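Novice: What follows is the file data09.cif, containing mmCIF, C-alpha atoms and all ligand atoms:
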```
data_data
#
loop_
_atom_site.label_atom_id
_atom_site.label_comp_id
_atom_site.auth_asym_id
_atom_site.auth_seq_id
_atom_site.Cartn_x
_atom_site.Cartn_y
_atom_site.Cartn_z
CA MET D 27 1.21 41.25 71.32
CA ARG D 28 1.23 40.10 74.92
CA THR D 29 4.14 38.17 76.40
CA TYR D 30 3.41 35.87 79.32
CA GLN D 31 6.21 34.76 81.59
CA ILE D 32 5.52 31.22 82.73
CA GLY D 33 7.52 29.68 85.58
CA VAL D 34 8.06 26.01 84.70
CA MET D 35 8.71 23.54 87.54
CA GLU D 36 9.07 19.94 86.45
CA GLY D 37 8.67 18.16 89.78
CA ASP D 38 9.20 14.49 90.65
CA GLY D 39 8.32 11.11 89.12
CA ILE D 40 6.54 11.57 85.79
CA GLY D 41 6.75 15.36 86.24
CA PRO D 42 9.62 16.06 83.81
CA GLU D 43 7.94 13.89 81.13
CA ILE D 44 4.48 15.43 81.30
CA VAL D 45 5.70 19.01 81.84
CA GLY D 46 8.10 18.54 78.89
CA GLU D 47 5.21 17.52 76.61
CA THR D 48 3.11 20.41 77.89
CA VAL D 49 5.81 22.95 77.08
CA LYS D 50 5.95 21.53 73.54
CA VAL D 51 2.20 22.07 73.21
CA LEU D 52 2.46 25.64 74.51
CA LYS D 53 5.30 26.37 72.08
CA ALA D 54 3.24 24.97 69.20
CA VAL D 55 0.15 26.96 70.12
CA GLN D 56 2.00 30.26 70.46
CA GLN D 57 3.30 29.74 66.94
CA SER D 58 -0.18 29.38 65.52
CA VAL D 59 -1.84 32.21 67.49
CA ASP D 60 -1.13 35.81 66.59
CA GLY D 61 -0.65 38.16 69.51
CA LEU D 62 0.50 35.54 72.01
CA GLU D 63 4.04 35.05 73.18
CA ILE D 64 5.17 32.81 76.00
CA GLU D 65 8.51 33.03 77.73
CA PHE D 66 9.46 29.93 79.72
CA LYS D 67 11.51 30.35 82.88
CA TYR D 68 12.66 27.09 84.45
CA TYR D 69 12.81 26.88 88.23
CA PRO D 70 13.91 23.95 90.40
CA VAL D 71 11.51 22.10 92.74
CA GLY D 72 11.31 18.67 94.28
CA LEU D 73 13.82 15.91 94.81
CA SER D 74 16.21 16.94 92.03
CA SER D 75 16.23 20.45 93.50
CA PHE D 76 16.95 19.04 96.95
CA GLN D 77 19.95 17.23 95.49
CA SER D 78 21.32 20.20 93.57
CA ASN D 79 20.16 23.18 95.67
CA GLY D 80 19.67 21.64 99.10
CA ALA D 81 15.94 22.45 99.20
CA THR D 82 12.77 21.08 97.59
CA LEU D 83 11.55 24.67 97.23
CA PRO D 84 14.56 26.99 96.99
CA GLU D 85 14.31 30.73 97.44
CA GLU D 86 15.24 31.34 93.79
CA THR D 87 12.08 29.48 92.71
CA VAL D 88 9.76 31.52 94.92
CA GLU D 89 11.45 34.80 93.98
CA GLY D 90 11.46 33.87 90.28
CA LEU D 91 7.76 33.03 90.31
CA LYS D 92 6.99 36.47 91.74
CA GLU D 93 8.20 37.90 88.43
CA CYS D 94 6.02 35.53 86.38
CA ASP D 95 2.39 35.73 85.23
CA ALA D 96 1.71 32.11 86.15
CA GLY D 97 3.35 28.82 87.05
CA LEU D 98 3.29 25.38 85.44
CA LEU D 99 4.01 22.74 88.08
CA GLY D 100 4.57 19.00 87.82
CA PRO D 101 3.60 16.54 90.56
CA LEU D 102 5.75 15.85 93.63
CA THR D 103 6.44 12.59 95.49
CA THR D 104 5.93 14.26 98.85
CA HIS D 105 5.18 11.11 100.82
CA ILE D 106 8.88 10.20 100.71
CA TYR D 107 10.04 13.68 101.82
CA ASP D 108 11.53 13.85 105.30
CA THR D 109 8.97 15.98 107.14
CA GLY D 110 11.48 16.69 109.90
CA ASN D 111 13.81 18.45 107.44
CA PRO D 112 12.90 22.14 106.93
CA ASN D 113 14.58 22.02 103.50
CA MET D 114 12.23 19.26 102.40
CA ILE D 115 8.89 21.01 102.56
CA ASN D 116 6.06 20.11 100.21
CA PRO D 117 6.42 22.65 97.37
CA SER D 118 2.77 22.28 96.28
CA GLY D 119 1.44 23.14 99.71
CA ALA D 120 3.94 25.95 100.26
CA LEU D 121 3.24 27.54 96.87
CA ARG D 122 -0.52 27.28 97.34
CA LYS D 123 -0.23 29.00 100.71
CA GLY D 124 2.58 31.38 99.82
CA PHE D 125 0.80 32.76 96.77
CA ASP D 126 -2.61 32.40 98.45
CA LEU D 127 -3.95 30.15 95.69
CA TYR D 128 -7.14 29.47 97.57
CA ALA D 129 -9.20 27.69 94.94
CA ASN D 130 -8.23 24.48 93.19
CA ILE D 131 -10.33 24.10 90.06
CA ARG D 132 -10.53 20.51 88.86
CA PRO D 133 -12.73 19.83 85.85
CA THR D 134 -13.65 16.39 84.50
CA LYS D 135 -15.24 15.77 81.16
CA THR D 136 -15.93 12.80 78.92
CA TYR D 137 -14.06 12.86 75.62
CA GLU D 138 -15.33 11.15 72.50
CA GLY D 139 -13.17 8.12 71.77
CA VAL D 140 -12.18 7.49 75.39
CA LYS D 141 -13.90 4.37 76.71
CA THR D 142 -15.85 5.10 79.92
CA LYS D 143 -19.06 3.98 81.60
CA PHE D 144 -20.58 7.45 81.22
CA SER D 145 -21.03 9.53 78.10
CA ASP D 146 -21.84 13.08 79.13
CA VAL D 147 -19.98 14.01 82.28
CA ASP D 148 -18.93 17.66 82.42
CA LEU D 149 -18.41 18.90 85.94
CA VAL D 150 -15.91 20.91 87.96
CA VAL D 151 -14.83 20.29 91.53
CA VAL D 152 -13.81 23.57 93.16
CA ARG D 153 -11.68 22.53 96.11
CA GLU D 154 -10.69 24.87 98.93
CA ASN D 155 -6.92 24.91 98.71
CA THR D 156 -5.39 26.61 101.75
CA GLU D 157 -7.32 25.39 104.82
CA GLY D 158 -9.07 22.23 106.01
CA MET D 159 -7.01 19.26 107.12
CA TYR D 160 -3.99 20.78 105.39
CA ALA D 161 -4.20 24.06 107.31
CA ASP D 162 -0.83 24.38 108.94
CA ARG D 163 1.28 22.19 106.74
CA ASN D 164 4.57 23.88 105.95
CA MET D 165 3.72 26.92 107.98
CA HIS D 166 4.15 26.50 111.72
CA PHE D 167 4.25 22.71 111.87
CA ASN D 168 5.07 20.02 109.37
CA THR D 169 1.57 18.62 109.42
CA GLY D 170 -1.79 19.39 110.94
CA GLU D 171 -1.35 16.42 113.25
CA PHE D 172 -0.10 16.03 116.81
CA MET D 173 0.66 13.17 119.13
CA PRO D 174 -0.08 14.22 122.72
CA ASP D 175 1.15 10.75 123.70
CA PRO D 176 2.68 7.89 121.67
CA ASP D 177 -0.68 6.13 121.28
CA THR D 178 -2.86 9.09 120.31
CA VAL D 179 -3.01 11.31 117.23
CA LEU D 180 -4.94 14.54 116.92
CA SER D 181 -5.60 15.77 113.38
CA PHE D 182 -7.05 19.25 113.13
CA ARG D 183 -8.96 21.06 110.44
CA VAL D 184 -9.38 24.79 109.86
CA VAL D 185 -12.42 26.34 108.20
CA THR D 186 -12.79 30.14 108.07
CA ARG D 187 -15.61 32.37 106.89
CA LYS D 188 -13.26 34.31 104.63
CA GLY D 189 -11.79 31.12 103.12
CA SER D 190 -15.22 29.62 102.55
CA GLU D 191 -16.77 32.74 101.05
CA ARG D 192 -13.96 33.42 98.59
CA LEU D 193 -13.96 29.79 97.52
CA ALA D 194 -17.73 29.86 96.98
CA ARG D 195 -17.37 33.05 94.92
CA VAL D 196 -15.03 31.25 92.50
CA GLY D 197 -17.53 28.38 92.24
CA PHE D 198 -20.53 30.63 91.59
CA GLU D 199 -18.63 32.78 89.08
CA LEU D 200 -17.52 29.64 87.25
CA ALA D 201 -21.11 28.38 87.14
CA GLN D 202 -22.16 31.61 85.36
CA GLY D 203 -20.38 30.46 82.21
CA ARG D 204 -21.68 26.90 82.57
CA LYS D 205 -25.01 25.28 83.53
CA LYS D 206 -25.56 27.64 86.47
CA LYS D 207 -25.79 24.90 89.02
CA VAL D 208 -23.72 24.74 92.21
CA THR D 209 -23.64 21.78 94.59
CA ILE D 210 -22.25 22.35 98.10
CA VAL D 211 -20.68 19.19 99.54
CA HIS D 212 -20.13 18.90 103.30
CA LYS D 213 -20.56 16.59 106.27
CA MET D 214 -22.64 18.89 108.40
CA ASN D 215 -24.25 16.12 110.43
CA VAL D 216 -20.87 15.29 112.02
CA LEU D 217 -18.63 18.32 111.50
CA ARG D 218 -21.38 20.68 112.56
CA LYS D 219 -19.29 23.75 113.17
CA GLY D 220 -16.67 23.51 110.38
CA CYS D 221 -18.91 22.18 107.64
CA GLY D 222 -21.75 24.31 109.01
CA LEU D 223 -19.66 27.46 108.53
CA PHE D 224 -18.63 26.33 105.04
CA TYR D 225 -22.24 25.64 104.08
CA ASP D 226 -23.62 28.91 105.50
CA SER D 227 -20.85 30.92 103.82
CA SER D 228 -21.45 29.22 100.46
CA LEU D 229 -25.18 29.81 100.70
CA LYS D 230 -24.68 33.47 101.60
CA VAL D 231 -22.50 33.98 98.51
CA GLY D 232 -24.97 31.96 96.41
CA LYS D 233 -27.89 34.25 97.32
CA LYS D 234 -26.31 36.90 95.10
CA TYR D 235 -26.63 34.58 92.09
CA SER D 236 -30.40 34.38 91.86
CA ASP D 237 -30.42 32.53 88.52
CA THR D 238 -28.18 29.74 89.81
CA VAL D 239 -29.64 26.48 91.15
CA ILE D 240 -28.07 25.50 94.48
CA ASP D 241 -28.23 22.13 96.15
CA ASP D 242 -26.16 20.36 98.80
CA TYR D 243 -25.24 16.88 99.97
CA HIS D 244 -23.38 15.17 102.73
CA ILE D 245 -20.17 13.84 101.22
CA ASP D 246 -21.15 10.20 101.69
CA ALA D 247 -24.45 10.63 99.85
CA PHE D 248 -22.77 12.75 97.20
CA ALA D 249 -20.17 10.03 96.55
CA MET D 250 -23.04 7.74 95.64
CA HIS D 251 -24.89 10.27 93.49
CA LEU D 252 -21.67 11.10 91.67
CA ILE D 253 -21.36 7.47 90.62
CA GLN D 254 -25.04 7.01 89.80
CA ARG D 255 -25.79 10.22 87.89
CA PRO D 256 -22.64 12.29 87.33
CA GLU D 257 -24.20 14.02 84.35
CA ASP D 258 -26.55 15.92 86.70
CA PHE D 259 -23.75 17.92 88.33
CA ASP D 260 -22.08 21.11 87.16
CA VAL D 261 -19.96 22.96 89.75
CA VAL D 262 -19.19 21.30 93.09
CA VAL D 263 -17.80 23.46 95.91
CA THR D 264 -16.25 21.74 98.89
CA THR D 265 -13.55 21.81 101.55
CA ASN D 266 -9.95 20.81 100.94
CA MET D 267 -9.76 17.08 101.64
CA PHE D 268 -13.29 16.30 100.43
CA GLY D 269 -12.37 18.06 97.17
CA ASP D 270 -9.16 16.08 96.88
CA ILE D 271 -11.00 12.78 97.18
CA LEU D 272 -13.98 13.74 95.01
CA SER D 273 -11.79 15.04 92.19
CA ASP D 274 -10.04 11.66 91.97
CA GLN D 275 -13.44 9.96 91.96
CA ALA D 276 -14.67 12.32 89.25
CA ALA D 277 -11.51 11.58 87.21
CA GLY D 278 -12.36 7.88 87.45
CA LEU D 279 -15.69 8.54 85.74
CA VAL D 280 -14.08 9.90 82.60
CA GLY D 281 -11.05 7.67 82.06
CA GLY D 282 -8.75 8.18 85.02
CA LEU D 283 -6.19 10.50 86.52
CA GLY D 284 -4.33 10.96 83.24
CA LEU D 285 -7.25 13.11 82.08
CA ALA D 286 -7.76 15.24 85.18
CA PRO D 287 -6.37 18.78 84.98
CA GLY D 288 -6.21 21.34 87.73
CA LEU D 289 -5.60 25.01 88.33
CA ASN D 290 -4.50 26.57 91.64
CA LEU D 291 -6.11 29.97 91.56
CA GLY D 292 -5.62 33.08 93.67
CA ASP D 293 -6.56 36.72 93.13
CA SER D 294 -3.19 37.69 91.69
CA PHE D 295 -1.45 34.49 90.65
CA LEU D 296 -2.21 31.02 89.36
CA ILE D 297 -0.40 27.71 88.97
CA ALA D 298 -1.41 24.96 86.56
CA GLN D 299 -0.98 21.50 88.07
CA ALA D 300 -2.61 18.19 87.15
CA THR D 301 -4.81 16.52 89.76
CA HIS D 302 -2.75 13.35 89.85
CA GLY D 303 0.45 12.62 91.76
CA SER D 304 3.91 11.77 90.55
CA ALA D 305 3.05 8.14 89.62
CA PRO D 306 6.51 6.80 90.57
CA ASP D 307 5.44 3.33 89.34
CA ILE D 308 5.53 4.47 85.71
CA ALA D 309 8.11 7.28 85.89
CA GLY D 310 10.90 7.27 83.30
CA ARG D 311 9.17 4.78 81.00
CA ASN D 312 7.75 7.30 78.58
CA ILE D 313 4.22 5.98 79.03
CA ALA D 314 2.75 8.69 81.31
CA ASN D 315 -0.33 10.42 79.97
CA PRO D 316 0.50 14.14 79.58
CA VAL D 317 -3.11 15.20 78.88
CA ALA D 318 -3.95 16.22 82.46
CA GLU D 319 -0.95 18.56 82.56
CA ILE D 320 -1.61 19.82 79.01
CA LEU D 321 -5.23 20.62 79.92
CA SER D 322 -4.01 22.32 83.12
CA ALA D 323 -1.87 24.59 80.93
CA LYS D 324 -4.93 25.18 78.76
CA MET D 325 -6.83 26.37 81.86
CA MET D 326 -3.88 28.59 82.76
CA LEU D 327 -4.02 30.35 79.37
CA GLU D 328 -7.80 30.64 79.57
CA TRP D 329 -7.71 32.35 82.98
CA LEU D 330 -4.79 34.57 82.02
CA GLY D 331 -6.75 35.57 78.93
CA TYR D 332 -9.96 36.31 80.84
CA ARG D 333 -8.20 38.25 83.55
CA ASN D 334 -6.18 40.37 81.13
CA GLY D 335 -8.98 40.77 78.58
CA HIS D 336 -6.64 39.07 76.10
CA GLN D 337 -8.54 37.14 73.45
CA SER D 338 -5.47 35.49 71.92
CA ALA D 339 -4.75 33.57 75.12
CA VAL D 340 -8.40 32.42 75.36
CA HIS D 341 -8.24 31.35 71.71
CA ALA D 342 -4.97 29.47 72.31
CA ALA D 343 -6.64 27.64 75.20
CA SER D 344 -9.52 26.55 72.98
CA LEU D 345 -7.05 25.29 70.35
CA ILE D 346 -5.33 23.13 72.95
CA GLU D 347 -8.63 21.61 74.00
CA ARG D 348 -9.56 20.92 70.37
CA ALA D 349 -6.21 19.25 69.80
CA VAL D 350 -6.84 16.95 72.77
CA GLU D 351 -10.36 16.17 71.49
CA GLU D 352 -9.02 15.45 68.03
CA ALA D 353 -6.23 13.21 69.36
CA PHE D 354 -8.80 11.10 71.21
CA LYS D 355 -11.13 10.95 68.22
CA GLN D 356 -8.17 9.65 66.22
CA LYS D 357 -7.56 7.06 68.94
CA MET D 358 -4.17 8.42 69.98
CA MET D 359 -4.10 7.04 73.50
CA THR D 360 -1.53 6.35 76.15
CA THR D 361 -1.54 2.97 77.89
CA ASP D 362 -3.63 4.15 80.87
CA LEU D 363 -6.49 4.70 78.39
CA GLY D 364 -5.98 1.32 76.77
CA GLY D 365 -3.85 2.60 73.92
CA ILE D 366 -0.31 2.01 72.84
CA CYS D 367 2.09 4.84 73.40
CA GLN D 368 3.08 6.15 70.03
CA ARG D 369 4.13 9.72 69.53
CA GLN D 370 2.51 11.49 66.59
CA ASN D 371 2.22 15.09 65.59
CA LEU D 372 -1.19 16.59 65.19
CA VAL D 373 -1.71 19.93 63.46
CA ILE D 374 -4.69 22.01 64.56
CA SER D 375 -5.34 25.50 63.32
P1 LIG W 1 1.96 10.48 94.69
O1 LIG W 1 2.45 9.99 95.98
O2 LIG W 1 2.88 11.44 94.05
O3 LIG W 1 0.51 10.95 94.76
P2 LIG W 1 0.90 8.02 93.64
O4 LIG W 1 1.65 6.74 93.68
O5 LIG W 1 -0.23 8.24 94.57
O6 LIG W 1 1.94 9.22 93.70
P3 LIG W 1 -0.69 9.06 91.53
O7 LIG W 1 0.01 9.84 90.52
O8 LIG W 1 -1.50 9.80 92.54
O9 LIG W 1 0.40 8.12 92.18
O10 LIG W 1 -1.61 8.09 90.72
C1 LIG W 1 -2.01 6.78 91.09
C2 LIG W 1 -1.79 5.86 89.90
O11 LIG W 1 -2.48 6.36 88.74
C3 LIG W 1 -0.31 5.82 89.51
O12 LIG W 1 0.29 4.79 90.18
C4 LIG W 1 -0.33 5.64 88.03
O13 LIG W 1 -0.26 4.30 87.67
C5 LIG W 1 -1.66 6.24 87.58
N1 LIG W 1 -1.45 7.58 86.97
C6 LIG W 1 -1.48 8.77 87.60
N2 LIG W 1 -1.21 9.77 86.74
C7 LIG W 1 -1.00 9.20 85.54
C8 LIG W 1 -0.68 9.71 84.24
N3 LIG W 1 -0.52 11.02 84.00
N4 LIG W 1 -0.53 8.82 83.23
C9 LIG W 1 -0.69 7.51 83.44
N5 LIG W 1 -1.00 6.97 84.62
C10 LIG W 1 -1.15 7.80 85.68
MG MG W 2 -1.68 10.08 94.75
#
```
Please rewrite the model in this file as structure tokens.

Specialist:
Amino acid sequence: MRTYQIGVMEGDGIGPEIVGETVKVLKAVQQSVDGLEIEFKYYPVGLSSFQSNGATLPEETVEGLKECDAGLLGPLTTHIYDTGNPNMINPSGALRKGFDLYANIRPTKTYEGVKTKFSDVDLVVVRENTEGMYADRNMHFNTGEFMPDPDTVLSFRVVTRKGSERLARVGFELAQGRKKKVTIVHKMNVLRKGCGLFYDSSLKVGKKYSDTVIDDYHIDAFAMHLIQRPEDFDVVVTTNMFGDILSDQAAGLVGGLGLAPGLNLGDSFLIAQATHGSAPDIAGRNIANPVAEILSAKMMLEWLGYRNGHQSAVHAASLIERAVEEAFKQKMMTTDLGGICQRQNLVIS
């Protein structure tokens, strides 16, 4: 029997709704899998935490997470945070940096029953998660932008050899268990130095994986190929902001943001967090699609299982995925997928 301590942070907007449904799924799966126990520890983040604890990311949350095996995080409405207030930092960014969660793994996949223009998409965007245009957010400055005078803005981007190589390693390792194809996405013709370093570092790592097919595209060309022939891609490695944009585009190919999970991965910690934001427009109406967060928790169990050599956690992850597949086959859909929101219980064993 292995007990995992999971730090649950509900977040803003639809966060409490989708995290709440995800915890229900995790509780159900631990009941049906022998040898797996999950202990849920709730920690405050976001606007509700600011109101009750005076900070969007209080010390107790960070300290609590250090005692956990992994985190489960909801989305955050950071664009309304006051960037001038040091108690209103972006918890996502701070946790990614603080726990050095350098790879953001964002898979997209077509599910039978979900209406889309494509039928066999199955790809993963591996987004660098601690550098790029987001480099100094929450660390020394509030953003990676400066105004040397009132009419000029400088936005800077950081790319390091270490950051690029370790990101590429995650991508190539991931491809080993998939179609063994890695696509490097960059904009080397303009960002010669930064994207050049990212490309060279990725290629250097890739040389060690002789059975893996490697190709590369400029981001503009790749955006077109992704729309025209998404089924040809497997693992995509790219820098932070390119990965952010491409993972939303990839989600659009398979039914939208409600289906796009994500995992923030470091060498010693990981945090499950859906790709989408806090969707304030639909918050509190009980119509948010919880699948992206549920599948993020599935990835969390899968990685915990692999890393600890713990088959029960890997099995639990596969049960969650099957439950999602089955729900779609049975046409249980939230409104974003064209369904009507009706809660039903599904038993998978
Ligand atoms: P944020 O500033 O937190 O990123 P946002 O307004 O950009 O919030 P997103 O969550 O990024 O909102 O998503 C954009 C739109 O996609 C939302 O307005 C919402 O309608 C839809 N959406 C996103 N996630 C979901 C979901 N889980 N279920 C249903 N619809 C969603
Ligand atoms: Mg958004």

Novice: When you draw a straight line from atom N3 of ligand LIG 1 (chain W) to atom CA of His105 of chain D, how long is it in Å?

Specialist: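 For atom N3 of ligand LIG 1 (chain W) relative to atom CA of His105 of chain D, the distance reads 17.8 Å.
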
Novice: Could you tell me which of D:Val340, D:Val263, D:Leu102, D:Val350 comes closest to ligand MG 2 (chain W) if we count all atoms listed in the file?

Specialist: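 With all atoms listed in the file as the atom set, the closest residue is D:Leu102.
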
Novice: Ligand LIG 1 (chain W): which residues are within 10 Å, counting only C-alpha atoms and all ligand atoms? Reply as number ranges by chain.

Specialist: D: 37-41, 43-44, 100-106, 274, 282-287, 300-309, 312-319, 360-363

Novice: Once you have the residues from the selection above, write them out as a CSV table (one decimal), in the coordinates of the input, restricted to C-alpha atoms.

Specialist:
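Saved to part-v9.csv:
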```csv
chain,number,residue,atom,x,y,z
D,37,GLY,CA,8.7,18.2,89.8
D,38,ASP,CA,9.2,14.5,90.6
D,39,GLY,CA,8.3,11.1,89.1
D,40,ILE,CA,6.5,11.6,85.8
D,41,GLY,CA,6.8,15.4,86.2
D,43,GLU,CA,7.9,13.9,81.1
D,44,ILE,CA,4.5,15.4,81.3
D,100,GLY,CA,4.6,19.0,87.8
D,101,PRO,CA,3.6,16.5,90.6
D,102,LEU,CA,5.8,15.8,93.6
D,103,THR,CA,6.4,12.6,95.5
D,104,THR,CA,5.9,14.3,98.8
D,105,HIS,CA,5.2,11.1,100.8
D,106,ILE,CA,8.9,10.2,100.7
D,274,ASP,CA,-10.0,11.7,92.0
D,282,GLY,CA,-8.8,8.2,85.0
D,283,LEU,CA,-6.2,10.5,86.5
D,284,GLY,CA,-4.3,11.0,83.2
D,285,LEU,CA,-7.2,13.1,82.1
D,286,ALA,CA,-7.8,15.2,85.2
D,287,PRO,CA,-6.4,18.8,85.0
D,300,ALA,CA,-2.6,18.2,87.2
D,301,THR,CA,-4.8,16.5,89.8
D,302,HIS,CA,-2.8,13.4,89.8
D,303,GLY,CA,0.4,12.6,91.8
D,304,SER,CA,3.9,11.8,90.6
D,305,ALA,CA,3.0,8.1,89.6
D,306,PRO,CA,6.5,6.8,90.6
D,307,ASP,CA,5.4,3.3,89.3
D,308,ILE,CA,5.5,4.5,85.7
D,309,ALA,CA,8.1,7.3,85.9
D,312,ASN,CA,7.8,7.3,78.6
D,313,ILE,CA,4.2,6.0,79.0
D,314,ALA,CA,2.8,8.7,81.3
D,315,ASN,CA,-0.3,10.4,80.0
D,316,PRO,CA,0.5,14.1,79.6
D,317,VAL,CA,-3.1,15.2,78.9
D,318,ALA,CA,-4.0,16.2,82.5
D,319,GLU,CA,-1.0,18.6,82.6
D,360,THR,CA,-1.5,6.4,76.2
D,361,THR,CA,-1.5,3.0,77.9
D,362,ASP,CA,-3.6,4.2,80.9
D,363,LEU,CA,-6.5,4.7,78.4
```

Novice: I want to know what sits within 9 Å of segment 151-159 of chain D, based on all atoms listed in the file, with residues of the same chain fewer than 6 positions away left out; could you give that as a PyMOL selection string?

Specialist: chain D and resi 119+122-123+126-134+169-171+181-186+189-190+193-194+196-197+220+260-270+272-273+276+290-291

Novice: What separation in Å, quoted to one decimal, exists between atom CA of Val208 of chain D and atom CA of Gly232 of chain D?

Specialist: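 Atom CA of Gly232 of chain D lies 8.4 Å from atom CA of Val208 of chain D.
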
Novice: Which of these, D:Pro117, D:Pro174, D:Gly90, D:Gly288, has the shortest distance to Lys324 of chain D once you count all atoms listed in the file?

Specialist: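 The answer is D:Gly288, which sits nearest to Lys324 of chain D.
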
Novice: If we count only C-alpha atoms and set the cut-off at 12 Å, which residues sit around Phe198 of chain D, ignoring sequence neighbours fewer than 5 positions away in its own chain? Please answer as a PyMOL selection string.

Specialist: chain D and resi 150-152+191-193+203-210+228-240+260-263

Novice: For the atom pair atom CA of Val88 of chain D and atom CA of Tyr160 of chain D, what is the interatomic distance in Å to one decimal place?

Specialist: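 Straight-line distance from atom CA of Val88 of chain D to atom CA of Tyr160 of chain D works out to 20.3 Å.
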
Novice: Any idea what's packed within 12 Å of Arg333 of chain D, counting only C-alpha atoms, ignoring anything in its chain fewer than 3 positions away? Could you give it as a ChimeraX atom specification?

Specialist: /D:95-96,291-296,326-330,336-337,339-340

Novice: Return the single residue from D:Ser322, D:Gln275, D:Gln31, D:Gln77 that is closest to Thr48 of chain D, with distances computed using all atoms listed in the file.

Specialist: D:Ser322

Novice: Pick out the closest residue to ligand MG 2 (chain W) from this set: D:Ile245, D:Ile271, D:Val55, D:Leu73. Count all atoms listed in the file.

Specialist: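 Among D:Ile245, D:Ile271, D:Val55, D:Leu73, it is D:Ile271 that comes nearest to ligand MG 2 (chain W).
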
Novice: Emit as JSON the padded axis-aligned box for all listed atoms of segment 76-84 of chain D, 8 Å per side, with centre and edge lengths in Å to one decimal.

Specialist:
```
{"center_x": 16.4, "center_y": 22.1, "center_z": 96.4, "size_x": 25.8, "size_y": 25.8, "size_z": 21.6}
```

Novice: From the set D:Ala249, D:Glu89, D:Tyr30, D:Gly97, which residue has the shortest atom-to-atom contact distance to Ala323 of chain D, counting all atoms listed in the file?

Specialist: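 Among D:Ala249, D:Glu89, D:Tyr30, D:Gly97, it is D:Gly97 that comes nearest to Ala323 of chain D.
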
Novice: Rank nothing, just name the residue among D:Glu63, D:Glu138, D:Glu85, D:Glu36 nearest to Leu98 of chain D, using only C-alpha atoms.

Specialist: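 Closest candidate: D:Glu36.
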
Novice: Hey, what's within 9 Å of Thr29 of chain D if we count all atoms listed in the file and toss same-chain stuff fewer than 2 positions away? As number ranges by chain, please?

Specialist: D: 27, 31, 61-65

Novice: Taking the partial coordinates given, rebuild segment 107-117 of chain D to contain N, CA, C and O atoms; return it as an mmCIF file, keeping the file's coordinate frame.

Specialist:
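Everything below was put into selection.cif:
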```cif
data_model
loop_
_atom_site.group_PDB
_atom_site.id
_atom_site.type_symbol
_atom_site.label_atom_id
_atom_site.label_comp_id
_atom_site.auth_asym_id
_atom_site.auth_seq_id
_atom_site.Cartn_x
_atom_site.Cartn_y
_atom_site.Cartn_z
ATOM 1 N N TYR D 107 9.254 12.569 101.267
ATOM 2 C CA TYR D 107 10.040 13.680 101.820
ATOM 3 C C TYR D 107 10.171 13.495 103.338
ATOM 4 O O TYR D 107 9.243 13.025 103.993
ATOM 5 N N ASP D 108 11.308 13.925 103.865
ATOM 6 C CA ASP D 108 11.530 13.850 105.300
ATOM 7 C C ASP D 108 10.879 15.071 105.954
ATOM 8 O O ASP D 108 11.392 16.190 105.858
ATOM 9 N N THR D 109 9.722 14.848 106.597
ATOM 10 C CA THR D 109 8.970 15.980 107.140
ATOM 11 C C THR D 109 9.706 16.715 108.267
ATOM 12 O O THR D 109 9.373 17.847 108.599
ATOM 13 N N GLY D 110 10.708 16.040 108.833
ATOM 14 C CA GLY D 110 11.480 16.690 109.900
ATOM 15 C C GLY D 110 12.534 17.643 109.352
ATOM 16 O O GLY D 110 13.137 18.413 110.108
ATOM 17 N N ASN D 111 12.762 17.613 108.049
ATOM 18 C CA ASN D 111 13.810 18.450 107.440
ATOM 19 C C ASN D 111 13.184 19.729 106.854
ATOM 20 O O ASN D 111 12.393 19.666 105.920
ATOM 21 N N PRO D 112 13.528 20.889 107.414
ATOM 22 C CA PRO D 112 12.900 22.140 106.930
ATOM 23 C C PRO D 112 13.240 22.461 105.475
ATOM 24 O O PRO D 112 12.578 23.292 104.857
ATOM 25 N N ASN D 113 14.265 21.799 104.918
ATOM 26 C CA ASN D 113 14.580 22.020 103.500
ATOM 27 C C ASN D 113 13.848 21.052 102.585
ATOM 28 O O ASN D 113 14.084 21.012 101.390
ATOM 29 N N MET D 114 12.973 20.244 103.198
ATOM 30 C CA MET D 114 12.230 19.260 102.400
ATOM 31 C C MET D 114 10.734 19.487 102.513
ATOM 32 O O MET D 114 9.958 18.549 102.661
ATOM 33 N N ILE D 115 10.327 20.726 102.441
ATOM 34 C CA ILE D 115 8.890 21.010 102.560
ATOM 35 C C ILE D 115 8.180 20.588 101.268
ATOM 36 O O ILE D 115 8.814 20.413 100.226
ATOM 37 N N ASN D 116 6.879 20.446 101.369
ATOM 38 C CA ASN D 116 6.060 20.110 100.210
ATOM 39 C C ASN D 116 5.885 21.372 99.352
ATOM 40 O O ASN D 116 5.192 22.305 99.748
ATOM 41 N N PRO D 117 6.499 21.420 98.166
ATOM 42 C CA PRO D 117 6.420 22.650 97.370
ATOM 43 C C PRO D 117 4.988 23.007 96.962
ATOM 44 O O PRO D 117 4.634 24.176 96.922
#
```
